[in-house]
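**Student:** Dumping the structure here so I can ask a few things about it.
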Amino acid sequence: MARSFGAVRALRDASITLRRGEVMALMGDNGAGKSTLVKTLAGVVAPDSGELLIDGEPRRFAGPADALDAGIETVYQDLSLINSMSAAENVFLGREPLGRDPVSRLLRLVDRRAMAAETKKAIDRIGARLPSLSAHVSAMSGGQRQALAVARATMWGRNIVMLDEPTAALGVTESEHVLEIITALKQQDIAVLMISHNLEHVFKVADRITVMRQGRTVGELVTADATSGDIVALITGATPAAAPS
Ligand SMILES: Nc1ncnc2c1ncn2[C@@H]1O[C@H](COP(=O)(O)OP(=O)(O)O)[C@@H](O)[C@H]1O
Ligand SMILES: [Mg+2]
């Protein structure tokens with residue numbers, strides 16, 4: 001993939017392979033292009049060149065809705081939550097279930113009870129606590145917002161779940177829960193991509209690590225065979241980029 005924003009070449013030569021049942025960590029310095037790469041996979045940013053294959057089939061996303069349809073969910077760094085809505089409204093935004101009884105169907109009434117119940121399940125699953133499911137996002141702490149965004153992605157992601165620094169705003173306990181969720185997704189045969197600066201978290205949950213530097217993917221490591229020294233050397237450029245394989 002390549003993508004420029006005006007004179008800024010955010011992606012020069014970036015390539016990443018996600019596998020079902022695996023967690024791929026994406027690491028690199030600030031400005032390396034990690035978020036932009038994720039956004040191309042999420043249909044938010046159109047690449048200038050390059051291709052996207054899903055199960056070997058070339059795909060082109062005209063926008064984020066296409067990626068969502070393909071079962072690709074993303075937790076962005078800014079979380080993309082709507083402050084004036086509740087947890088359940090955010091989780092179901094654009095995908096509200098209709099009530100099952102004939103009147104609800106006819107009037108297209110949203111099944112708020114089901115929304116609240118499903119949201120509660122998703123939140124409980126990741127072990128987070130929210131002030132109340134009906135409280136607006138604006139009343140939540142940074143950690144609660146992050147937990148909500150992760151819960152939403154884990155609810156809808158069928159094929160790929162991408163998380164841009166999912167533990168950045170979280171305390172130790174909340175981070176542990178998010179890492180457990182990531183492991184659980186992998187066991188559901190989902191491909192997970194996690195951007196992280198936290199080597200400890202990466203070593204805990206990632207099967208592989210892709211490192212980016214200055215818009216390029218400069219290496220893919222198998223976590224079990226890598227040391228933090230190897231990773232840091234790739235991030236900083238102490239190790240030259242591996243020849244493309
Ligand atoms: N929408 C945009 N407009 C202009 N420049 C951008 C935009 N998005 C990213 N960039 C630039 O592209 C480069 C890579 O950014 P980003 O993908 O956010 O890096 P990372 O997530 O690794 O910190 C940076 O120089 C950033 O300023
Ligand atoms: Mg980023």
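A note on labels: chains of the structure tokens are A, B, ... as shown, every chain counts residues from 1, and ligands are counted from 1 in their shown order.
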Can you list, as a PyMOL selection string, all residues belonging to segment 14-183 of chain A that DSSP tags as alpha helix (DSSP H)?

**Tutor:** chain A and resi 34-41+64-69+87-91+102-107+112-125+142-156+172-183

**Student:** Can those selected residues be exported to a file as an mmCIF file, in the first residue's frame so that it contains C-alpha atoms?

**Tutor:**
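Once written, again39.cif looks like this:
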data_model
loop_
_atom_site.group_PDB
_atom_site.id
_atom_site.type_symbol
_atom_site.label_atom_id
_atom_site.label_comp_id
_atom_site.auth_asym_id
_atom_site.auth_seq_id
_atom_site.Cartn_x
_atom_site.Cartn_y
_atom_site.Cartn_z
ATOM 1 C CA LYS A 34 0.535 2.613 11.600
ATOM 2 C CA SER A 35 -2.827 4.346 11.918
ATOM 3 C CA THR A 36 -2.902 5.151 8.212
ATOM 4 C CA LEU A 37 -2.261 1.505 7.337
ATOM 5 C CA VAL A 38 -5.115 0.436 9.602
ATOM 6 C CA LYS A 39 -7.377 3.056 8.040
ATOM 7 C CA THR A 40 -6.689 1.712 4.544
ATOM 8 C CA LEU A 41 -7.739 -1.750 5.743
ATOM 9 C CA PRO A 64 -15.929 2.182 5.886
ATOM 10 C CA ALA A 65 -19.318 0.519 5.340
ATOM 11 C CA ASP A 66 -17.705 -1.928 2.900
ATOM 12 C CA ALA A 67 -15.139 -2.963 5.499
ATOM 13 C CA LEU A 68 -17.835 -3.398 8.143
ATOM 14 C CA ASP A 69 -19.811 -5.551 5.688
ATOM 15 C CA ALA A 87 -23.240 2.945 25.579
ATOM 16 C CA ALA A 88 -25.926 0.820 23.918
ATOM 17 C CA GLU A 89 -26.692 3.477 21.291
ATOM 18 C CA ASN A 90 -23.019 3.642 20.401
ATOM 19 C CA VAL A 91 -22.621 -0.125 20.203
ATOM 20 C CA PRO A 102 -45.618 -7.131 14.485
ATOM 21 C CA VAL A 103 -46.293 -3.608 15.720
ATOM 22 C CA SER A 104 -42.595 -2.914 16.302
ATOM 23 C CA ARG A 105 -41.788 -4.314 12.889
ATOM 24 C CA LEU A 106 -44.454 -2.233 11.217
ATOM 25 C CA LEU A 107 -43.411 0.960 12.967
ATOM 26 C CA ARG A 112 -33.919 -1.017 23.104
ATOM 27 C CA ARG A 113 -34.163 -3.822 25.610
ATOM 28 C CA ALA A 114 -32.212 -6.173 23.345
ATOM 29 C CA MET A 115 -29.666 -3.432 22.681
ATOM 30 C CA ALA A 116 -29.133 -2.880 26.406
ATOM 31 C CA ALA A 117 -28.905 -6.617 27.126
ATOM 32 C CA GLU A 118 -26.397 -7.287 24.341
ATOM 33 C CA THR A 119 -24.331 -4.267 25.302
ATOM 34 C CA LYS A 120 -24.259 -5.372 28.926
ATOM 35 C CA LYS A 121 -23.044 -8.808 27.838
ATOM 36 C CA ALA A 122 -20.290 -7.333 25.690
ATOM 37 C CA ILE A 123 -19.175 -4.989 28.478
ATOM 38 C CA ASP A 124 -19.249 -7.769 31.089
ATOM 39 C CA ARG A 125 -17.290 -10.026 28.772
ATOM 40 C CA GLY A 142 -11.169 7.554 29.340
ATOM 41 C CA GLY A 143 -10.850 3.926 30.393
ATOM 42 C CA GLN A 144 -14.601 3.361 30.214
ATOM 43 C CA ARG A 145 -14.744 4.873 26.743
ATOM 44 C CA GLN A 146 -11.923 2.692 25.540
ATOM 45 C CA ALA A 147 -13.583 -0.385 27.023
ATOM 46 C CA LEU A 148 -16.830 0.526 25.273
ATOM 47 C CA ALA A 149 -15.118 0.946 21.910
ATOM 48 C CA VAL A 150 -13.379 -2.418 22.330
ATOM 49 C CA ALA A 151 -16.639 -4.065 23.372
ATOM 50 C CA ARG A 152 -18.345 -2.703 20.251
ATOM 51 C CA ALA A 153 -15.646 -4.038 17.948
ATOM 52 C CA THR A 154 -15.613 -7.451 19.562
ATOM 53 C CA MET A 155 -19.373 -7.665 19.172
ATOM 54 C CA TRP A 156 -19.381 -7.094 15.427
ATOM 55 C CA VAL A 172 -3.538 -2.189 34.709
ATOM 56 C CA THR A 173 -6.702 -4.174 35.420
ATOM 57 C CA GLU A 174 -8.617 -2.843 32.413
ATOM 58 C CA SER A 175 -5.609 -3.508 30.192
ATOM 59 C CA GLU A 176 -5.493 -7.101 31.407
ATOM 60 C CA HIS A 177 -9.146 -7.541 30.449
ATOM 61 C CA VAL A 178 -8.588 -6.097 27.005
ATOM 62 C CA LEU A 179 -5.632 -8.423 26.474
ATOM 63 C CA GLU A 180 -7.790 -11.364 27.561
ATOM 64 C CA ILE A 181 -10.453 -10.302 25.058
ATOM 65 C CA ILE A 182 -7.856 -10.134 22.326
ATOM 66 C CA THR A 183 -6.797 -13.680 23.170
#

**Student:** Tell me which protein, DNA and RNA residues are within 7 Å of Pro47 of chain A, counting only C-alpha atoms, leaving out same-chain ones fewer than 5 positions away, and put them as an mmCIF file with N, CA, C and O atoms, in the first residue's frame.

**Tutor:**
data_model
loop_
_atom_site.group_PDB
_atom_site.id
_atom_site.type_symbol
_atom_site.label_atom_id
_atom_site.label_comp_id
_atom_site.auth_asym_id
_atom_site.auth_seq_id
_atom_site.Cartn_x
_atom_site.Cartn_y
_atom_site.Cartn_z
ATOM 1 N N MET A 1 0.841 -1.197 0.000
ATOM 2 C CA MET A 1 0.000 0.000 0.000
ATOM 3 C C MET A 1 0.875 1.245 0.000
ATOM 4 O O MET A 1 1.914 1.281 0.657
ATOM 5 N N ALA A 2 0.409 2.258 -0.674
ATOM 6 C CA ALA A 2 1.042 3.570 -0.573
ATOM 7 C C ALA A 2 -0.068 4.602 -0.448
ATOM 8 O O ALA A 2 -1.164 4.438 -0.995
ATOM 9 N N ARG A 3 0.207 5.653 0.312
ATOM 10 C CA ARG A 3 -0.773 6.732 0.452
ATOM 11 C C ARG A 3 -0.065 8.001 0.914
ATOM 12 O O ARG A 3 0.683 7.986 1.884
ATOM 13 N N THR A 40 -6.491 2.226 5.910
ATOM 14 C CA THR A 40 -6.689 1.712 4.544
ATOM 15 C C THR A 40 -7.405 0.362 4.614
ATOM 16 O O THR A 40 -8.253 0.073 3.774
#

**Student:** Pick out the residues sitting within 10 Å of segment 158-164 of chain A, and hand them over as a PyMOL selection string; count only C-alpha atoms, and ignore anything fewer than 5 positions along from it in its own chain.

**Tutor:** chain A and resi 18-21+23-26+34-35+38-39+41-42+54+67-79+149-150+153+182+185-186+188-196

**Student:** Find the residues around Thr239 of chain A up to 12 Å (only C-alpha atoms counted), leave out those fewer than 3 positions away in its own chain, and share them as an NGL selection string.

**Tutor:** :A and (211 or 213 or 218-219 or 229-236 or 242-243)

**Student:** Rank A:Asp225, A:Asp55, A:Asp101, A:Glu96 by their smallest atom-to-atom distance to Thr17 of chain A, using only C-alpha atoms, and report the top residue only.

**Tutor:** A:Asp55

**Student:** For Gly215 of chain A, which of A:Ser80, A:Gln187, A:Ser141, A:Ser15 is the closest residue, counting only C-alpha atoms?

**Tutor:** A:Ser15

**Student:** Please, what distance in Å, to one decimal, runs between atom CA of Ser84 of chain A and atom 10 (N, counted along the ligand's line) of ligand 1?

**Tutor:**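 Atom 10 (N, counted along the ligand's line) of ligand 1 lies 27.8 Å from atom CA of Ser84 of chain A.
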
**Student:** Give the answer as one residue: which of A:Ala32, A:Leu52, A:Ala14, A:Ala226 has the shortest atom-to-atom distance to ligand 2, using only C-alpha atoms and all ligand atoms?

**Tutor:**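 Smallest separation from ligand 2 among the options: A:Ala32.
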